[in-house]
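Q: If it helps, the file is called input_3.cif and holds mmCIF, C-alpha atoms:
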data_work
loop_
_atom_site.group_PDB
_atom_site.id
_atom_site.type_symbol
_atom_site.label_atom_id
_atom_site.label_comp_id
_atom_site.auth_asym_id
_atom_site.auth_seq_id
_atom_site.Cartn_x
_atom_site.Cartn_y
_atom_site.Cartn_z
ATOM 1 C CA MET A 1 -5.924 -71.336 55.245
ATOM 2 C CA THR A 2 -7.080 -74.762 54.114
ATOM 3 C CA GLY A 3 -6.794 -77.457 56.762
ATOM 4 C CA VAL A 4 -6.562 -75.095 59.749
ATOM 5 C CA TYR A 5 -9.224 -75.511 62.437
ATOM 6 C CA ARG A 6 -9.491 -73.702 65.731
ATOM 7 C CA ARG A 7 -11.432 -74.569 68.829
ATOM 8 C CA PRO A 8 -11.697 -72.575 72.081
ATOM 9 C CA PRO A 9 -8.392 -72.215 73.970
ATOM 10 C CA MET A 10 -7.639 -75.479 75.715
ATOM 11 C CA ASP A 11 -7.701 -73.833 79.147
ATOM 12 C CA ALA A 12 -11.443 -73.303 78.688
ATOM 13 C CA VAL A 13 -13.658 -75.544 80.834
ATOM 14 C CA ASP A 14 -15.065 -78.432 78.816
ATOM 15 C CA PRO A 15 -18.047 -79.897 80.697
ATOM 16 C CA LEU A 16 -18.245 -82.881 78.346
ATOM 17 C CA ARG A 17 -14.587 -83.785 78.918
ATOM 18 C CA ALA A 18 -14.970 -83.405 82.691
ATOM 19 C CA ARG A 19 -17.954 -85.768 82.739
ATOM 20 C CA LEU A 20 -16.199 -88.280 80.490
ATOM 21 C CA ALA A 21 -13.061 -88.230 82.651
ATOM 22 C CA GLU A 22 -15.099 -89.207 85.700
ATOM 23 C CA ALA A 23 -16.152 -92.426 83.983
ATOM 24 C CA TRP A 24 -13.192 -92.930 81.619
ATOM 25 C CA PRO A 25 -10.063 -91.428 83.233
ATOM 26 C CA LEU A 26 -8.091 -91.388 79.984
ATOM 27 C CA PHE A 27 -10.067 -88.270 79.043
ATOM 28 C CA GLY A 28 -8.385 -86.481 81.937
ATOM 29 C CA LEU A 29 -4.868 -87.205 80.662
ATOM 30 C CA GLU A 30 -3.075 -84.273 79.030
ATOM 31 C CA LEU A 31 0.491 -83.580 77.905
ATOM 32 C CA ARG A 32 1.651 -79.963 77.707
ATOM 33 C CA SER A 33 4.813 -78.849 75.926
ATOM 34 C CA GLU A 34 6.017 -75.358 75.037
ATOM 35 C CA ARG A 35 3.540 -74.852 72.175
ATOM 36 C CA LEU A 36 1.332 -77.926 72.213
ATOM 37 C CA ARG A 37 -1.269 -79.847 74.160
ATOM 38 C CA LEU A 38 -2.025 -83.493 73.542
ATOM 39 C CA ARG A 39 -5.077 -85.340 74.834
ATOM 40 C CA LEU A 40 -7.582 -88.038 73.948
ATOM 41 C CA PRO A 41 -10.217 -86.406 71.734
ATOM 42 C CA THR A 42 -13.876 -86.399 72.633
ATOM 43 C CA ASP A 43 -16.187 -87.277 69.747
ATOM 44 C CA PRO A 44 -16.723 -83.598 68.762
ATOM 45 C CA GLU A 45 -12.936 -83.117 68.777
ATOM 46 C CA LEU A 46 -12.503 -86.329 66.816
ATOM 47 C CA LEU A 47 -14.668 -84.812 64.075
ATOM 48 C CA GLU A 48 -12.462 -81.705 64.071
ATOM 49 C CA VAL A 49 -9.197 -83.598 63.711
ATOM 50 C CA MET A 50 -10.797 -85.876 61.104
ATOM 51 C CA ALA A 51 -11.543 -82.747 59.057
ATOM 52 C CA VAL A 52 -7.857 -81.769 59.264
ATOM 53 C CA ALA A 53 -6.901 -85.212 57.943
ATOM 54 C CA ARG A 54 -9.485 -84.998 55.165
ATOM 55 C CA ALA A 55 -8.078 -81.618 54.096
ATOM 56 C CA GLY A 56 -4.734 -83.295 53.374
ATOM 57 C CA ILE A 57 -1.778 -84.899 55.119
ATOM 58 C CA HIS A 58 0.524 -85.659 52.181
ATOM 59 C CA PRO A 59 0.718 -85.202 48.391
ATOM 60 C CA PRO A 60 -1.628 -87.541 46.490
ATOM 61 C CA ASP A 61 1.283 -89.426 44.903
ATOM 62 C CA GLU A 62 2.840 -90.284 48.287
ATOM 63 C CA MET A 63 1.792 -92.741 51.022
ATOM 64 C CA PRO A 64 3.632 -92.463 54.349
ATOM 65 C CA PHE A 65 1.397 -94.877 56.293
ATOM 66 C CA ALA A 66 1.369 -98.645 56.707
ATOM 67 C CA SER A 67 -2.298 -98.630 55.655
ATOM 68 C CA ALA A 68 -3.582 -96.335 52.910
ATOM 69 C CA TRP A 69 -6.349 -94.905 55.116
ATOM 70 C CA SER A 70 -5.632 -91.268 54.254
ATOM 71 C CA THR A 71 -6.630 -91.616 50.586
ATOM 72 C CA GLN A 72 -9.908 -93.489 50.994
ATOM 73 C CA GLU A 73 -12.939 -91.950 49.325
ATOM 74 C CA SER A 74 -15.896 -90.680 51.349
ATOM 75 C CA PRO A 75 -17.832 -92.010 53.171
ATOM 76 C CA GLY A 76 -15.380 -94.863 53.741
ATOM 77 C CA PHE A 77 -12.728 -92.452 54.962
ATOM 78 C CA GLU A 78 -14.937 -90.944 57.656
ATOM 79 C CA ARG A 79 -16.436 -94.243 58.771
ATOM 80 C CA GLY A 80 -13.061 -95.954 58.897
ATOM 81 C CA TYR A 81 -11.461 -93.083 60.800
ATOM 82 C CA LEU A 82 -14.120 -93.013 63.499
ATOM 83 C CA ALA A 83 -14.271 -96.798 63.755
ATOM 84 C CA TYR A 84 -10.499 -96.986 64.262
ATOM 85 C CA HIS A 85 -10.534 -94.590 67.205
ATOM 86 C CA TRP A 86 -13.704 -96.028 68.731
ATOM 87 C CA THR A 87 -12.217 -99.537 68.469
ATOM 88 C CA ASN A 88 -9.093 -98.414 70.318
ATOM 89 C CA ARG A 89 -11.263 -97.185 73.176
ATOM 90 C CA ALA A 90 -13.495 -100.252 73.282
ATOM 91 C CA ALA A 91 -10.668 -102.809 73.023
ATOM 92 C CA TRP A 92 -8.448 -101.126 75.641
ATOM 93 C CA THR A 93 -6.839 -103.348 78.265
ATOM 94 C CA PRO A 94 -3.689 -102.815 80.356
ATOM 95 C CA GLU A 95 -2.153 -105.714 78.420
ATOM 96 C CA ALA A 96 -2.804 -104.214 74.958
ATOM 97 C CA TRP A 97 -3.544 -100.544 74.404
ATOM 98 C CA GLU A 98 -3.293 -97.803 71.798
ATOM 99 C CA ILE A 99 -4.070 -94.150 72.416
ATOM 100 C CA GLY A 100 -4.384 -91.498 69.737
ATOM 101 C CA LEU A 101 -3.843 -88.021 71.180
ATOM 102 C CA LEU A 102 -5.224 -84.945 69.474
ATOM 103 C CA VAL A 103 -2.458 -82.362 69.002
ATOM 104 C CA ALA A 104 -3.401 -78.701 69.260
ATOM 105 C CA THR A 105 -1.676 -75.422 70.001
ATOM 106 C CA HIS A 106 -2.370 -73.676 73.288
ATOM 107 C CA ASP A 107 -4.775 -71.305 71.531
ATOM 108 C CA GLY A 108 -6.788 -74.199 70.120
ATOM 109 C CA GLN A 109 -5.518 -74.768 66.566
ATOM 110 C CA VAL A 110 -5.935 -78.476 65.780
ATOM 111 C CA LEU A 111 -2.793 -79.793 64.065
ATOM 112 C CA GLY A 112 -2.985 -83.584 63.901
ATOM 113 C CA MET A 113 -2.629 -86.743 65.963
ATOM 114 C CA GLN A 114 0.125 -88.420 67.963
ATOM 115 C CA GLY A 115 -0.269 -92.091 68.773
ATOM 116 C CA VAL A 116 1.451 -94.403 71.225
ATOM 117 C CA ASP A 117 0.751 -98.099 71.808
ATOM 118 C CA ALA A 118 2.097 -101.060 73.741
ATOM 119 C CA ARG A 119 1.637 -104.766 74.299
ATOM 120 C CA ASP A 120 2.385 -106.300 77.727
ATOM 121 C CA PHE A 121 3.826 -103.011 78.918
ATOM 122 C CA ALA A 122 3.958 -104.215 82.532
ATOM 123 C CA HIS A 123 6.747 -106.634 81.589
ATOM 124 C CA LEU A 124 8.274 -105.339 78.344
ATOM 125 C CA ARG A 125 8.197 -101.600 79.158
ATOM 126 C CA THR A 126 8.241 -100.883 75.413
ATOM 127 C CA VAL A 127 6.079 -98.463 73.414
ATOM 128 C CA ALA A 128 5.734 -97.684 69.718
ATOM 129 C CA THR A 129 4.725 -94.332 68.267
ATOM 130 C CA GLY A 130 3.154 -92.964 65.085
ATOM 131 C CA SER A 131 1.783 -89.574 64.099
ATOM 132 C CA TRP A 132 0.554 -87.232 61.392
ATOM 133 C CA LEU A 133 0.170 -83.494 60.867
ATOM 134 C CA GLY A 134 -2.077 -81.573 58.479
ATOM 135 C CA GLN A 135 -0.153 -80.330 55.452
ATOM 136 C CA ALA A 136 -0.956 -76.714 56.318
ATOM 137 C CA VAL A 137 1.143 -76.880 59.513
ATOM 138 C CA GLN A 138 4.041 -79.086 58.460
ATOM 139 C CA GLY A 139 7.608 -77.821 58.509
ATOM 140 C CA GLN A 140 7.215 -75.770 61.700
ATOM 141 C CA GLY A 141 8.817 -78.149 64.198
ATOM 142 C CA TYR A 142 5.537 -79.486 65.531
ATOM 143 C CA GLY A 143 6.375 -83.087 64.613
ATOM 144 C CA ARG A 144 9.490 -83.055 66.764
ATOM 145 C CA GLU A 145 7.716 -81.361 69.665
ATOM 146 C CA MET A 146 4.742 -83.723 69.734
ATOM 147 C CA ARG A 147 6.990 -86.799 69.478
ATOM 148 C CA GLY A 148 9.119 -85.407 72.279
ATOM 149 C CA ALA A 149 6.002 -84.907 74.394
ATOM 150 C CA VAL A 150 4.838 -88.495 74.005
ATOM 151 C CA LEU A 151 8.345 -89.825 74.662
ATOM 152 C CA ALA A 152 8.416 -87.818 77.892
ATOM 153 C CA PHE A 153 5.076 -89.392 78.746
ATOM 154 C CA ALA A 154 6.460 -92.871 78.052
ATOM 155 C CA PHE A 155 9.822 -92.571 79.812
ATOM 156 C CA ASP A 156 9.137 -90.046 82.562
ATOM 157 C CA GLY A 157 5.471 -90.809 83.145
ATOM 158 C CA LEU A 158 5.038 -94.540 82.540
ATOM 159 C CA GLY A 159 8.593 -95.726 83.200
ATOM 160 C CA ALA A 160 9.253 -97.145 79.732
ATOM 161 C CA ARG A 161 12.639 -98.660 78.957
ATOM 162 C CA LEU A 162 12.381 -98.605 75.151
ATOM 163 C CA ALA A 163 10.484 -96.705 72.443
ATOM 164 C CA THR A 164 10.381 -97.745 68.792
ATOM 165 C CA THR A 165 9.226 -96.142 65.570
ATOM 166 C CA GLU A 166 9.400 -96.887 61.853
ATOM 167 C CA ALA A 167 9.027 -94.918 58.611
ATOM 168 C CA PHE A 168 9.536 -95.473 54.904
ATOM 169 C CA LEU A 169 13.039 -94.687 53.673
ATOM 170 C CA ASP A 170 11.720 -91.786 51.580
ATOM 171 C CA ASN A 171 9.871 -90.192 54.523
ATOM 172 C CA ALA A 172 12.567 -87.624 55.224
ATOM 173 C CA ALA A 173 10.478 -85.625 57.682
ATOM 174 C CA SER A 174 9.661 -88.532 59.994
ATOM 175 C CA ASN A 175 13.151 -89.994 59.816
ATOM 176 C CA GLY A 176 14.606 -86.554 60.483
ATOM 177 C CA VAL A 177 12.494 -86.169 63.616
ATOM 178 C CA SER A 178 13.672 -89.551 64.889
ATOM 179 C CA ARG A 179 17.326 -88.757 64.324
ATOM 180 C CA SER A 180 17.044 -85.269 65.807
ATOM 181 C CA LEU A 181 15.569 -86.688 69.012
ATOM 182 C CA GLY A 182 18.424 -89.151 69.409
ATOM 183 C CA TYR A 183 16.937 -92.455 68.231
ATOM 184 C CA GLU A 184 19.318 -95.160 67.057
ATOM 185 C CA GLU A 185 18.795 -96.825 63.696
ATOM 186 C CA ASN A 186 17.618 -100.374 64.307
ATOM 187 C CA GLY A 187 17.574 -102.167 60.979
ATOM 188 C CA PHE A 188 15.116 -102.244 58.125
ATOM 189 C CA GLY A 189 11.606 -103.534 57.605
ATOM 190 C CA GLN A 190 8.930 -103.633 54.928
ATOM 191 C CA LEU A 191 5.348 -102.410 54.695
ATOM 192 C CA ALA A 192 2.949 -102.604 51.748
ATOM 193 C CA PRO A 193 0.154 -99.995 51.999
ATOM 194 C CA HIS A 194 -0.800 -100.533 48.335
ATOM 195 C CA GLY A 195 0.128 -104.203 48.182
ATOM 196 C CA ILE A 196 3.683 -103.470 46.983
ATOM 197 C CA PRO A 197 6.456 -103.946 49.593
ATOM 198 C CA ARG A 198 8.489 -100.841 50.408
ATOM 199 C CA ASP A 199 11.529 -100.657 52.665
ATOM 200 C CA THR A 200 11.329 -98.919 56.020
ATOM 201 C CA GLN A 201 13.882 -97.614 58.480
ATOM 202 C CA LYS A 202 13.394 -98.802 62.050
ATOM 203 C CA PHE A 203 14.507 -96.793 65.073
ATOM 204 C CA ARG A 204 14.814 -97.373 68.813
ATOM 205 C CA MET A 205 15.174 -95.019 71.762
ATOM 206 C CA THR A 206 16.428 -96.526 75.011
ATOM 207 C CA GLU A 207 15.779 -94.973 78.385
ATOM 208 C CA ALA A 208 19.507 -94.304 78.713
ATOM 209 C CA ARG A 209 19.589 -92.374 75.420
ATOM 210 C CA TRP A 210 16.472 -90.460 76.406
ATOM 211 C CA ARG A 211 18.154 -89.303 79.600
ATOM 212 C CA SER A 212 21.529 -88.659 77.969
ATOM 213 C CA ARG A 213 20.675 -85.137 76.802
ATOM 214 C CA PRO A 214 18.611 -82.176 78.038
ATOM 215 C CA ARG A 215 14.963 -82.294 76.953
ATOM 216 C CA PRO A 216 12.362 -79.503 76.888
ATOM 217 C CA PRO A 217 9.976 -79.806 79.850
ATOM 218 C CA VAL A 218 6.674 -81.616 79.343
ATOM 219 C CA GLN A 219 3.881 -81.401 81.894
ATOM 220 C CA ILE A 220 1.887 -84.617 82.370
ATOM 221 C CA ILE A 221 -1.560 -84.018 83.837
ATOM 222 C CA GLY A 222 -4.059 -86.616 85.037
ATOM 223 C CA LEU A 223 -1.799 -89.671 84.850
ATOM 224 C CA GLU A 224 -2.329 -90.954 88.392
ATOM 225 C CA ALA A 225 -6.055 -91.438 87.756
ATOM 226 C CA CYS A 226 -5.334 -93.793 84.844
ATOM 227 C CA ARG A 227 -1.793 -95.132 85.438
ATOM 228 C CA ASP A 228 -3.039 -98.673 85.965
ATOM 229 C CA TRP A 229 -4.827 -98.522 82.599
ATOM 230 C CA PHE A 230 -1.382 -98.587 80.952
ATOM 231 C CA GLY A 231 -0.050 -101.505 82.999
ATOM 232 C CA ALA A 232 2.470 -99.101 84.522
#
Translate the structure described by the file into structure tokens.

A:
Amino acid sequence: MTGVYRRPPMDAVDPLRARLAEAWPLFGLELRSERLRLRLPTDPELLEVMAVARAGIHPPDEMPFASAWSTQESPGFERGYLAYHWTNRAAWTPEAWEIGLLVATHDGQVLGMQGVDARDFAHLRTVATGSWLGQAVQGQGYGREMRGAVLAFAFDGLGARLATTEAFLDNAASNGVSRSLGYEENGFGQLAPHGIPRDTQKFRMTEARWRSRPRPPVQIIGLEACRDWFGA
């Protein structure tokens, strides 16, 4: 199937990840939900998930992102993708951070990426999220599960008080995930990935709303070693 990549089961010992986590504790962070595992990709894993993105995220006549990165031609696509993730690592501070987590099934199928970022989290306790899935695995509930996992990380792990997200009005899948998880609509915005403004729907999830309904369990591994990295 086009766009489906498998790596060894994620329980397998990864010597590279273990060595990286000693020096850069974010590599030891992992979120585990019923079907999924989310973690910061090593460079070999970053190449794998980049291949999933290159195989296709959305139809060519659609653009669900604030920046039109997904339709760049090679080699600009590959260079831009790697530079974006490397920059997030290099520029990381507790006052301003963004982490892109590789999303894979428990048996190692790489599905996409789930991001979460914050500015001045120590005081504002607010995060924003964004994500994508390869076209080959869309429509199977993974988007809702991976968003739920990162919200559990934010609220239950970091002690967030608010989570926000935003999607174009015609992005039914993303907006559906937000509504199904219990976000409140929070006004409209505009983004212009091709230089033409398009309306967006904004959403917010408060801590009270997060805790107002039962949520599937999410295991958070390795947070204590890097909690201070998030300003938490």

Q: Do you have the CA of His123 in chain A-CA of Arg179 in chain A distance handy?

A: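 Distance between the two atoms: 27.0 Å.
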
Q: For the PyMOL selection byres ((chain A and resi 187) around 10), applied here, can you spell out every residue it catches as a PDB file with C-alpha atoms, keeping the file's coordinate frame?

A:
ATOM      1  CA  GLU A 166       9.400 -96.887  61.853  1.00  0.00           C
ATOM      2  CA  GLU A 184      19.318 -95.160  67.057  1.00  0.00           C
ATOM      3  CA  GLU A 185      18.795 -96.825  63.696  1.00  0.00           C
ATOM      4  CA  ASN A 186      17.618-100.374  64.307  1.00  0.00           C
ATOM      5  CA  PHE A 188      15.116-102.244  58.125  1.00  0.00           C
ATOM      6  CA  GLY A 189      11.606-103.534  57.605  1.00  0.00           C
ATOM      7  CA  THR A 200      11.329 -98.919  56.020  1.00  0.00           C
ATOM      8  CA  GLN A 201      13.882 -97.614  58.480  1.00  0.00           C
ATOM      9  CA  LYS A 202      13.394 -98.802  62.050  1.00  0.00           C
ATOM     10  CA  PHE A 203      14.507 -96.793  65.073  1.00  0.00           C
ATOM     11  CA  ARG A 204      14.814 -97.373  68.813  1.00  0.00           C
TER      12      ARG A 204
END

Q: With only C-alpha atoms as the atoms that count, which of A:Arg17, A:Arg144, A:Ala128, A:Pro41 lies nearest to Gly176 in chain A?

A: A:Arg144

Q: Enter the distance from CA of Leu101 in chain A to CA of Arg39 in chain A, in Å, rounded to one decimal.

A: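 CA of Leu101 in chain A sits 4.7 Å away from CA of Arg39 in chain A.
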
Q: Could you state which residues are captured by the PyMOL selection byres ((chain A and resi 24) around 12) in this file, as a PyMOL selection string?

A: chain A and resi 16-23+25-29+40+42+89-90+92+222+225-226+229
